Each structure stands twice: as C-alpha cells, then as structure tokens.
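The structure appears right after this line, and notes come after that.
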Amino acid sequence: MSFAVTAKSSVSASPAVEFRSVEKRYSQGPIILDAFSLSAAHGDFIALIGPSGCGKSTLLKLVAGLSPVSRGELIFSTSSATTHLADATRSSSASARDDLAYVFQEPTLLPWLTVAQNVALPLDLRAVPSAQRTALVRDALALVGLTPRADYYPRQLSGGQKMRVSIARALVLSPQILLLDEPFGALDEMTRDHLNEELLAIRERLRWTAFFVTHSVAEAVFLANRIIIMSANPGRLHREIRVDLPYPRTPATRRDPAYHRLVDEVSQLLRSIEEPATV
Amino acid sequence: MPRPKLLSVFLPALAGALFIAIWHFIRVSLSEDFRFLLPAPTEVITAFREHGDELWRATLNTTAGATLGFLAAVAVSFTLSLLLSLSPLVRVTFYPYLMLLQMTPIIVFAPILVLWVGPGLKSVTIITFLICFFPLAVNTTQGLVSTDRNLVELFRLYRATKFQEILRLRIPAALPFFFTGLRIAATLAPIGALVGDYTAGSSAGDGGGLGFQTIIYSSQAKYPALFATAAACCALGFIFVAGVLSLSWLTLHQWHDSYERADI
C-alpha cells in the first residue's frame with residue numbers, strides 16, 4: 001500500500017520532479033553537478049549518497065529554489081493524489097515547488113520560540129488563520145510524538161528531540177516534496193535508527209516525494225525505494241539501485257538477508273568510486 | 001535552595017561592613033591634620049542630611065539627562081542599525097563616520113554644544129546620547145548581520161517577505177547582541193550625564209546636576225559633600241545597570257544559553 005497507490009492515479013503519469021541534464025556551477029567556478037538527469041515519481045523516497053563534493057546538498061538547494069540551475073531544466077508537477085492537510089495554505093498558483101519542505105543538517109530551530117511556535121512558523125509566515133494553525137501544529141507534534149513538549153524551548157530538548165521538532169515543522173504544511181539534508185547525521189546510532197523508523201511510519205500516513213541526502217549506506221537502504229549513488233568532481237549520477245524491500249519497513253527489515261545484500265552492494269559501489277581502479 | 005540565597009545577601013553585607021571598618025580604621029590612624037582628606041562614614045551621612053535638598057535635585061537632574069540621552073541613543077541607534085544591516089554598501093559608506101563620532105572627545109565637543117543649545121539639560125542629554133550611541137549601534141548592527149545562515153535560508157524557503165525576515169528572525173536573533181550594547185550603554189549613561197553636567201551644567205534654570213554640584217563642592221572644599229555626591233552617582237549607576245540587567249533577564253532567560261546556569 002505504499003507508492004503503488006500514487007503510481008496508479010492518473011496524475012502520477014508526470015513525475016513529481018524531473019531533472020533534465022541539469023548542470024550547476026557557481027559563477028565561473030568548477031562544475032558542481034554535471035548533466036544530471038533523474039525523474040522522481042510521486043511518492044518516491046530517493047536517497048542520495050556519495051563522496052563529499054559530489055553535489056548532493058547542491059541538488060537539494062536546486063530543488064528548493066535556494067540556488068538557480070546553471071543549465072538544463074528542473075520540472076515540477078503537482079499531484080492531486082497527495083493528501084493535503086493544509087489546502088488553505090496554498091496560493092492560487094500552486095506549483096509543487098511552493099509545496100516543499102527542507103530539513104537541514106542542524107535542527108535550525110528559532111531558540112526564542114517554543115516547540116509549538118517553531119512548528120507553527122511556516123503557517124505564521126503564510127498567515128494561516130489561528131484556529132486552523134492550532135489544529136495543524138497539534139497534528140504535526142503528535143506525528144513526531146512531541147505533544148508533551150509543546151511548551152518547551154529548544155535548549156531544553158535533546159538532539160534527537162530537536163530534530164523531531166524540525167521534522168514536525170517541515171510536515172506542518174503537508175508538503176508534496178520533502179528535502180532532507182543528512183538530518184540524522186549528528187545523532188547517535190540508536191536515535192538515528194529510531195527516527196528512521198518514525199519517518200517511515202509518518203510516510204505511511206502522509207505522502208510526499210522525498211530526497212534524502214545521507215552518508216550512511218544502512219540508512220539509505222532502510223529508508224529509500226531508490227538509491228542514487230553519485231561520484232564527485234564533477235558531481236554525476238553514477239548508478240541507481242532499486243530497493244525492493246516492501247514497505248512498511250520495521251526493525252525486522254534490518255535482519256532481512258535481502259537488506260544486508262543491498263547494504264553490501266551499495267557499499268562496494270561506493271568504495272569503487274572512492275578508490276579508483278588505478279590504486 | 002534558601003541557603004545560597006541567604007549567603008548571596010549575607011556575604012556582600014559582610015564585605016560592605018568590612019569595607020566600612022577598614023575605612024574607619026584608616027581614618028583614625030591618620031594624624032589630626034590630615035583627617036579632612038578622608039571624612040568618616042558618619043560625616044558623609046551628615047553631609048547627606050545637610051545638603052539633602054541640593055543633592056536630591058542634582059540627582060534628579062542628572063537622572064533626567066542620563067535617561068533621556070540613553071533612550072534617545074537606543075531609539076536612534078536601533079533605527080540606524082536596521083538601515084546599516086540592510087546592505088553592505090550602506091555599512092561601508094557610513095561606518096567610518098560612526099567611528100569618527102566615537103573618536104570625538106566630549107570635552108572638546110561640550111563647549112560647542114553649550115554654544116548651540118545652551119547649558120543644562122539639553123546639552124547633558126546630547127552628550128549622554130553621544131557617549132551611549134556607539135556601543136549600541138555597533139553591537140546591534142553586528143547582531144542584525146550575524147543571523148544564522150541556515151535560518152535565513154529557512155525563511156527564504158517559506159517565501160517569507162523581507163519584512164517578516166527582519167521582524168521575526170533578524171531582530172530576535174540580534175537581541176543578545178543588543179543587550180550587550182545596552183549593558184555597556186547603561187554603565188556609560190550616568191557617567192556621560194555626569195561629565196556632560198560637569199562641562200555643560202548650569203545653575204541657571206534647573207539648578208544643575210551632580211557634575212555641577214561636584215564643581216561647587218570641590219571649590220568650597222566640602223569633602224564630605226563630595227563623598228556624598230560620589231555615593232549618589234554610584235546609586236544612579238547601579239539603578240541603570242540593574243534596570244538593564246533585569247530587562248535583559250526578562251527577555252532572554254527563557255531561551256538564551258547565557259542564562260542556562262541562572263535557572264538552576
């Protein structure tokens with residue numbers, strides 16, 4: 001019952017995000033991203049993995065519109081199959097790009113706002129009526145299990161809790177596209193595993209197309225249905241691996257031999273990029 | 001919990017008593033001829049009683065000058081900092097003149113001011129303003145331009161307007177910097193008003209402030225009264241700093257790391 005649902009709906013014929021030979025360079029600097037082509041279907045969970053300098057984070061910034069594409073095309077389409085919690089928050093010219101959320105490497109919370117106020121920030125900025133806002137914030141906090149911490153300030157939370165708030169804030173507008181830039185990189189392995197499971201549990205209820213940058217092969221295999229392995233200098237799409245493990249994935253998935261085979265496969269591919277054949 | 005609270009009252013009181021005891025001891029160990037140099041604590045209290053009206057009026061005048069100058073400096077520096085933070089070009093253009101303002105010695109500027117606006121409260125207010133302005137402007141501008149890059153991107157991502165970005169992100173993020181400037185300005189404001197009054201005070205009109213009173217007492221060799229004046233200055237400075245520290249605590253203690261330990 002996962003991405004099969006969106007795959008069947010008629011609108012999903014057009015991809016959510018499509019890269020057409022996208023190139024990125026900053027002014028006259030070296031090429032960061034070279035001839036990158038990728039088509040992400042609605043509901044895809046795409047993990048981006050590769051050595052540092054392969055342009056993974058740049059890719060997210062391009063999708064977010066924080067940085068312009070130098071050459072090529074980046075095409076978005078909306079999906080009516082996506083569950084919209086916050087339809088009133090959308091402007092009339094609703095492009096999928098207005099409907100994306102970003103989870104940064106750091107929690108990037110406003111320290112002077114409480115947890116609930118932080119989660120409400122995207123709604124505040126779009127002047128969502130307060131009655132609706134309260135309900136949306138409550139739902140988002142419930143999703144990440146932080147309802148009892150609504151009135152805490154960020155500094156009173158642990159690293160994992162801060163990241164949960166950051167995710168709740170990203171989800172409060174029920175985005176169509178979710179961009180995650182190594183969100184769990186700074187957390188210990190236990191917390192990371194746990195948050196990975198939570199993220200997938202939320203995905204069962206809200207449908208978004210996700211781009212997830214990570215350095216952890218295990219995390220990529222556990223979360224994604226597609227893993228994009230990238231090579232550096234310039235950043236290129238090296239290889240795509242399909243992860244056919246069925247959703248919902250649970251801690252039991254980590255004991256599945258198929259899971260381990262995939263982790264091995266991706267690890268070896270990565271090693272072959274990082275240590276070129278000349279060595 | 002009550003134990004450290006009690007200690008925090010008891011220990012400073014003990015130190016104060018010790019200080020007065022040493023003061024007294026030094027005085028009695030001086031020979032009769034030199035005792036006028038260091039009046040006894042009781043003489044200072046007597047001076048307070050004798051010159052009470054005068055000192056009270058002078059303190060009120062200095063307080064008025066210090067407060068007006070301080071508030072004007074806060075308002076103007078905040079507005080200017082906002083303008084400066086908007087573009088690096090504006091900053092580059094005006095920063096040297098801000099520095100120049102800071103370099104201008106007040107002692108030289110005071111007679112010119114008296115010429116322009118006349119002696120008394122107006123001059124004192126302007127001098128206080130000039131002294132408080134620089135630390136406020138520099139710190140606030142610094143705060144407004146050092147907003148976390150990721151937070152700025154977050155606001156851009158959610159299509160925040162420039163106005164929202166300034167009001168909801170840059171200004172709150174600059175508050176700790178602003179309060180650093182405010183704390184410095186609060187210690188400078190009474191000193192500024194005092195120096196202003198010393199150089200541009202007048203017995204005409206309001207009767208002058210503590211600076212003017214200092215000139216009178218020293219010319220009359222009223223040393224206990226000078227000590228009383230100094231005590232009044234200290235009290236004024238204390239009130240200013242305590243006021244700003246309380247305001248800073250009220251604004252920041254819930255979220256800012258600098259108050260993390262104060263909560264325990």
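We label chains A, B, ... in the order they appear in the structure tokens, count residues from 1 in each chain, and number ligands from 1 in the order shown.
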| message | I need the contact residues of chain B against chain A, so if you could list those with any atom within 10 Å, counting only C-alpha atoms, and return them as a list in words, that would help. | response |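 Filtering chain B at 10 Å from chain A with only C-alpha atoms gives Asp148, Arg149, Asn150, Leu151, Val152, Glu153, Leu154, Phe155, Arg156, Leu157, Tyr158, Arg159, Ala160, Thr161, Gln164, Glu165, Arg168, Leu169, Pro172, Ala173, Thr251, Leu252, His253, Gln254, Trp255, His256, Asp257 and Glu260 of chain B.
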| Quick one: residues within 12 Å of region 13-22 of chain A, only C-alpha atoms counted, chain neighbours fewer than 5 positions away excluded, as a ChimeraX atom specification? | /A:6-8,31-46,55,58-60,62-64,68-82,95-97,99-100,176-179,207-211,235-237
With C-alpha atoms retained, could you export that selection as a PDB file, in the first residue's frame?
```pdb
ATOM      1  CA  THR A   6       0.183   7.066  -6.247  1.00  0.00           C
ATOM      2  CA  ALA A   7       1.544   5.063  -9.165  1.00  0.00           C
ATOM      3  CA  LYS A   8      -1.981   4.022 -10.088  1.00  0.00           C
ATOM      4  CA  ILE A  31      31.123  22.311 -12.350  1.00  0.00           C
ATOM      5  CA  ILE A  32      29.451  21.051  -9.180  1.00  0.00           C
ATOM      6  CA  LEU A  33      26.793  18.996 -10.882  1.00  0.00           C
ATOM      7  CA  ASP A  34      27.188  17.707 -14.418  1.00  0.00           C
ATOM      8  CA  ALA A  35      24.463  16.550 -16.826  1.00  0.00           C
ATOM      9  CA  PHE A  36      22.298  15.229 -14.036  1.00  0.00           C
ATOM     10  CA  SER A  37      19.096  13.558 -15.179  1.00  0.00           C
ATOM     11  CA  LEU A  38      16.602  11.931 -12.869  1.00  0.00           C
ATOM     12  CA  SER A  39      12.881  11.507 -12.792  1.00  0.00           C
ATOM     13  CA  ALA A  40      11.243  11.211  -9.388  1.00  0.00           C
ATOM     14  CA  ALA A  41       7.722   9.776  -9.330  1.00  0.00           C
ATOM     15  CA  HIS A  42       5.177  10.952  -6.784  1.00  0.00           C
ATOM     16  CA  GLY A  43       5.809   9.111  -3.550  1.00  0.00           C
ATOM     17  CA  ASP A  44       9.376   8.119  -4.378  1.00  0.00           C
ATOM     18  CA  PHE A  45      11.810   8.065  -1.462  1.00  0.00           C
ATOM     19  CA  ILE A  46      15.143   8.799  -3.080  1.00  0.00           C
ATOM     20  CA  GLY A  55      26.892  17.795  -5.174  1.00  0.00           C
ATOM     21  CA  THR A  58      23.606  21.311  -4.022  1.00  0.00           C
ATOM     22  CA  LEU A  59      20.997  19.096  -5.626  1.00  0.00           C
ATOM     23  CA  LEU A  60      18.613  19.762  -2.740  1.00  0.00           C
ATOM     24  CA  LEU A  62      18.373  23.443  -6.633  1.00  0.00           C
ATOM     25  CA  VAL A  63      15.109  21.628  -5.946  1.00  0.00           C
ATOM     26  CA  ALA A  64      14.315  24.078  -3.133  1.00  0.00           C
ATOM     27  CA  PRO A  68      19.397  28.630  -9.607  1.00  0.00           C
ATOM     28  CA  VAL A  69      20.135  25.897 -12.171  1.00  0.00           C
ATOM     29  CA  SER A  70      23.024  26.871 -14.463  1.00  0.00           C
ATOM     30  CA  ARG A  71      21.989  24.781 -17.442  1.00  0.00           C
ATOM     31  CA  GLY A  72      19.297  22.201 -18.148  1.00  0.00           C
ATOM     32  CA  GLU A  73      15.801  22.026 -16.774  1.00  0.00           C
ATOM     33  CA  LEU A  74      14.147  21.225 -13.490  1.00  0.00           C
ATOM     34  CA  ILE A  75      10.444  20.413 -13.860  1.00  0.00           C
ATOM     35  CA  PHE A  76       7.828  20.082 -11.154  1.00  0.00           C
ATOM     36  CA  SER A  77       4.296  18.794 -11.215  1.00  0.00           C
ATOM     37  CA  THR A  78       1.623  18.695  -8.563  1.00  0.00           C
ATOM     38  CA  SER A  79      -0.220  15.583  -7.577  1.00  0.00           C
ATOM     39  CA  SER A  80      -3.857  15.605  -6.565  1.00  0.00           C
ATOM     40  CA  ALA A  81      -3.339  12.140  -5.171  1.00  0.00           C
ATOM     41  CA  THR A  82      -1.200  13.613  -2.445  1.00  0.00           C
ATOM     42  CA  SER A  95       3.309  24.753  -8.061  1.00  0.00           C
ATOM     43  CA  ALA A  96       4.857  21.782  -6.333  1.00  0.00           C
ATOM     44  CA  ARG A  97       7.809  23.982  -5.567  1.00  0.00           C
ATOM     45  CA  ASP A  99       4.871  22.972  -1.527  1.00  0.00           C
ATOM     46  CA  LEU A 100       8.178  21.681  -0.368  1.00  0.00           C
ATOM     47  CA  GLN A 176       4.472  17.329  -1.583  1.00  0.00           C
ATOM     48  CA  ILE A 177       8.236  17.307  -1.670  1.00  0.00           C
ATOM     49  CA  LEU A 178      10.410  16.712   1.359  1.00  0.00           C
ATOM     50  CA  LEU A 179      14.119  17.504   1.186  1.00  0.00           C
ATOM     51  CA  ARG A 207       2.560  11.015   1.035  1.00  0.00           C
ATOM     52  CA  TRP A 208       5.489  13.012  -0.127  1.00  0.00           C
ATOM     53  CA  THR A 209       8.302  12.653  -2.583  1.00  0.00           C
ATOM     54  CA  ALA A 210      11.470  12.630  -0.565  1.00  0.00           C
ATOM     55  CA  PHE A 211      15.087  13.408  -1.407  1.00  0.00           C
ATOM     56  CA  GLY A 235      29.119  15.548  -9.331  1.00  0.00           C
ATOM     57  CA  ARG A 236      27.475  12.933 -11.535  1.00  0.00           C
ATOM     58  CA  LEU A 237      24.855  10.265 -11.223  1.00  0.00           C
TER      59      LEU A 237
END
```
| field | Backbone DSSP call of strand (DSSP E) for region 92-236 of chain A, listed as an MDAnalysis selection string | value | chainID A and resid 100:103 177:181 209:213 226:231 236
Could you write out that same residue set with N, CA and C atoms as an mmCIF file, in the first residue's frame?
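And here is the file that came out, selection.cif:
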```
data_model
loop_
_atom_site.group_PDB
_atom_site.id
_atom_site.type_symbol
_atom_site.label_atom_id
_atom_site.label_comp_id
_atom_site.auth_asym_id
_atom_site.auth_seq_id
_atom_site.Cartn_x
_atom_site.Cartn_y
_atom_site.Cartn_z
ATOM 1 N N LEU A 100 7.127 22.579 -0.822
ATOM 2 C CA LEU A 100 8.178 21.681 -0.368
ATOM 3 C C LEU A 100 8.705 22.115 0.980
ATOM 4 N N ALA A 101 9.298 21.180 1.656
ATOM 5 C CA ALA A 101 9.861 21.474 2.965
ATOM 6 C C ALA A 101 11.276 20.932 3.019
ATOM 7 N N TYR A 102 12.078 21.567 3.829
ATOM 8 C CA TYR A 102 13.500 21.271 3.894
ATOM 9 C C TYR A 102 13.835 20.924 5.339
ATOM 10 N N VAL A 103 14.511 19.828 5.548
ATOM 11 C CA VAL A 103 15.028 19.529 6.876
ATOM 12 C C VAL A 103 16.548 19.609 6.781
ATOM 13 N N ILE A 177 6.842 17.711 -1.519
ATOM 14 C CA ILE A 177 8.236 17.307 -1.670
ATOM 15 C C ILE A 177 8.953 17.577 -0.354
ATOM 16 N N LEU A 178 9.686 16.579 0.100
ATOM 17 C CA LEU A 178 10.410 16.712 1.359
ATOM 18 C C LEU A 178 11.900 16.545 1.066
ATOM 19 N N LEU A 179 12.680 17.553 1.416
ATOM 20 C CA LEU A 179 14.119 17.504 1.186
ATOM 21 C C LEU A 179 14.810 17.352 2.529
ATOM 22 N N LEU A 180 15.633 16.327 2.661
ATOM 23 C CA LEU A 180 16.302 16.101 3.944
ATOM 24 C C LEU A 180 17.805 16.017 3.708
ATOM 25 N N ASP A 181 18.538 16.948 4.301
ATOM 26 C CA ASP A 181 19.980 17.010 4.092
ATOM 27 C C ASP A 181 20.694 16.433 5.308
ATOM 28 N N THR A 209 7.142 13.101 -1.839
ATOM 29 C CA THR A 209 8.302 12.653 -2.583
ATOM 30 C C THR A 209 9.502 13.149 -1.799
ATOM 31 N N ALA A 210 10.368 12.215 -1.426
ATOM 32 C CA ALA A 210 11.470 12.630 -0.565
ATOM 33 C C ALA A 210 12.819 12.496 -1.266
ATOM 34 N N PHE A 211 13.671 13.499 -1.035
ATOM 35 C CA PHE A 211 15.087 13.408 -1.407
ATOM 36 C C PHE A 211 15.872 13.444 -0.110
ATOM 37 N N PHE A 212 16.638 12.389 0.129
ATOM 38 C CA PHE A 212 17.278 12.236 1.424
ATOM 39 C C PHE A 212 18.785 12.090 1.219
ATOM 40 N N VAL A 213 19.541 13.104 1.607
ATOM 41 C CA VAL A 213 20.997 13.027 1.500
ATOM 42 C C VAL A 213 21.543 12.345 2.738
ATOM 43 N N ARG A 226 14.619 4.085 -3.848
ATOM 44 C CA ARG A 226 15.648 4.254 -4.884
ATOM 45 C C ARG A 226 16.873 4.898 -4.254
ATOM 46 N N ILE A 227 18.042 4.341 -4.543
ATOM 47 C CA ILE A 227 19.276 4.942 -4.038
ATOM 48 C C ILE A 227 20.072 5.457 -5.236
ATOM 49 N N ILE A 228 20.410 6.736 -5.187
ATOM 50 C CA ILE A 228 21.218 7.316 -6.250
ATOM 51 C C ILE A 228 22.644 7.454 -5.724
ATOM 52 N N ILE A 229 23.553 6.707 -6.356
ATOM 53 C CA ILE A 229 24.948 6.799 -5.944
ATOM 54 C C ILE A 229 25.629 7.812 -6.855
ATOM 55 N N MET A 230 26.283 8.784 -6.241
ATOM 56 C CA MET A 230 26.881 9.857 -7.027
ATOM 57 C C MET A 230 28.387 9.832 -6.916
ATOM 58 N N SER A 231 29.055 10.283 -7.974
ATOM 59 C CA SER A 231 30.503 10.397 -7.940
ATOM 60 C C SER A 231 30.864 11.875 -7.943
ATOM 61 N N ARG A 236 28.230 13.615 -10.478
ATOM 62 C CA ARG A 236 27.475 12.933 -11.535
ATOM 63 C C ARG A 236 26.664 11.809 -10.929
#
```
| said: Just want the 8 Å neighbourhood of region 183-185 of chain B, counted on only C-alpha atoms, with same-chain residues fewer than 5 positions away dropped. Output as a VMD selection string. | reply: chain B and resid 70 131 to 133 135 to 136 241 244 to 245
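Across the model, the gap from CA of Pro175 (chain A) to CA of Ala220 (chain A) is 21.1 Å.
Every protein or nucleic acid residue with an atom no more than 12 Å from Ala186 (chain A), counting only C-alpha atoms and leaving out same-chain residues fewer than 4 positions away, appears here: Phe104, Gln105, Glu106, Pro107, Ser158, Gly159, Gly160, Lys162, Met163, Asp181, Glu182, Met190, Thr191, Arg192, Thr214, His215 and Ser216 of chain A.
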Deliver the residues from the most recent selection as a file, using C-alpha atoms, as a short mmCIF file (atom, residue, chain, number, x, y, z; two decimals), in the first residue's frame.
```cif
data_model
loop_
_atom_site.label_atom_id
_atom_site.label_comp_id
_atom_site.auth_asym_id
_atom_site.auth_seq_id
_atom_site.Cartn_x
_atom_site.Cartn_y
_atom_site.Cartn_z
CA PHE A 104 18.54 20.82 7.40
CA GLN A 105 21.56 19.05 8.83
CA GLU A 106 21.06 21.03 12.02
CA PRO A 107 17.62 21.38 13.61
CA SER A 158 17.90 16.59 23.41
CA GLY A 159 19.47 16.46 19.96
CA GLY A 160 17.01 13.82 18.77
CA LYS A 162 15.21 18.95 18.32
CA MET A 163 15.42 17.01 15.07
CA ASP A 181 19.98 17.01 4.09
CA GLU A 182 21.63 14.47 6.38
CA MET A 190 20.19 4.26 18.34
CA THR A 191 18.39 7.58 17.99
CA ARG A 192 19.05 7.58 14.26
CA THR A 214 22.99 10.70 3.72
CA HIS A 215 26.44 9.27 4.32
CA SER A 216 25.07 6.10 5.85
#
```
| DSSP says helix (DSSP H, G or I) for which residues of region 26-267 of chain A? Put them as a ChimeraX atom specification? | /A:56-64,87-89,96-99,115-125,130-143,147-149,154-156,159-171,189-205,217-223,251-255,257-267
| Using only C-alpha atoms, which residues sit within 10 Å of region 40-50 of chain B once same-chain residues fewer than 6 positions away are excluded, as an MDAnalysis selection string? | chainID B and resid 20:21 23:28 56 222:229 231:232
Those same residues - C-alpha atoms - I'd like them written as a PDB file, in the first residue's frame.
```
ATOM      1  CA  ILE B  20      33.494  50.496  56.265  1.00  0.00           C
ATOM      2  CA  ALA B  21      35.526  49.133  59.168  1.00  0.00           C
ATOM      3  CA  TRP B  23      37.745  52.936  56.086  1.00  0.00           C
ATOM      4  CA  HIS B  24      37.215  53.888  59.698  1.00  0.00           C
ATOM      5  CA  PHE B  25      40.496  52.269  60.750  1.00  0.00           C
ATOM      6  CA  ILE B  26      42.486  54.178  58.117  1.00  0.00           C
ATOM      7  CA  ARG B  27      40.853  57.404  59.232  1.00  0.00           C
ATOM      8  CA  VAL B  28      41.665  57.002  62.917  1.00  0.00           C
ATOM      9  CA  TRP B  56      18.322  65.271  45.577  1.00  0.00           C
ATOM     10  CA  LYS B 222      33.378  70.366  51.170  1.00  0.00           C
ATOM     11  CA  TYR B 223      34.919  66.901  51.100  1.00  0.00           C
ATOM     12  CA  PRO B 224      32.157  65.014  52.951  1.00  0.00           C
ATOM     13  CA  ALA B 225      29.676  66.508  50.473  1.00  0.00           C
ATOM     14  CA  LEU B 226      31.869  65.316  47.590  1.00  0.00           C
ATOM     15  CA  PHE B 227      31.795  61.815  49.047  1.00  0.00           C
ATOM     16  CA  ALA B 228      28.025  62.071  49.300  1.00  0.00           C
ATOM     17  CA  THR B 229      27.909  63.177  45.650  1.00  0.00           C
ATOM     18  CA  ALA B 231      27.629  57.903  46.560  1.00  0.00           C
ATOM     19  CA  ALA B 232      24.681  59.440  44.707  1.00  0.00           C
TER      20      ALA B 232
END
```
| Test item: residues at most 10 Å from Gly243 (chain B), only C-alpha atoms, excluding those fewer than 5 positions along its chain, as number ranges by chain | B: 183, 186, 237-238, 248-249
| field | Surrounding residues of Ser123 (chain B) excluding itself and chain neighbours under 5 positions, 8 Å, only C-alpha atoms, as a VMD selection string | value | chain B and resid 110 113 to 114 117 to 118 196 200 to 201
| query | Which residue, A:Glu240, A:Glu189, A:Glu204, A:Asp256, has the smallest gap to Leu270 (chain A) when you use only C-alpha atoms? | reply |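 Nearest candidate to Leu270 (chain A) out of A:Glu240, A:Glu189, A:Glu204, A:Asp256: A:Glu240.
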| request: May I ask for the distance between CA of Gly29 (chain A) and CA of Ala47 (chain A), given in Å to one decimal place? | output: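 Separation of CA of Gly29 (chain A) and CA of Ala47 (chain A): 26.7 Å.
Relative to CA of Ala242 (chain B), CA of Gly209 (chain B) is found at 21.6 Å.
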| task | Could you tell me which of B:Phe212, B:Tyr217, B:Tyr95, B:Tyr259 comes closest to Thr59 (chain B) if we count only C-alpha atoms? | result |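 Closest to Thr59 (chain B), using only C-alpha atoms: B:Phe212.
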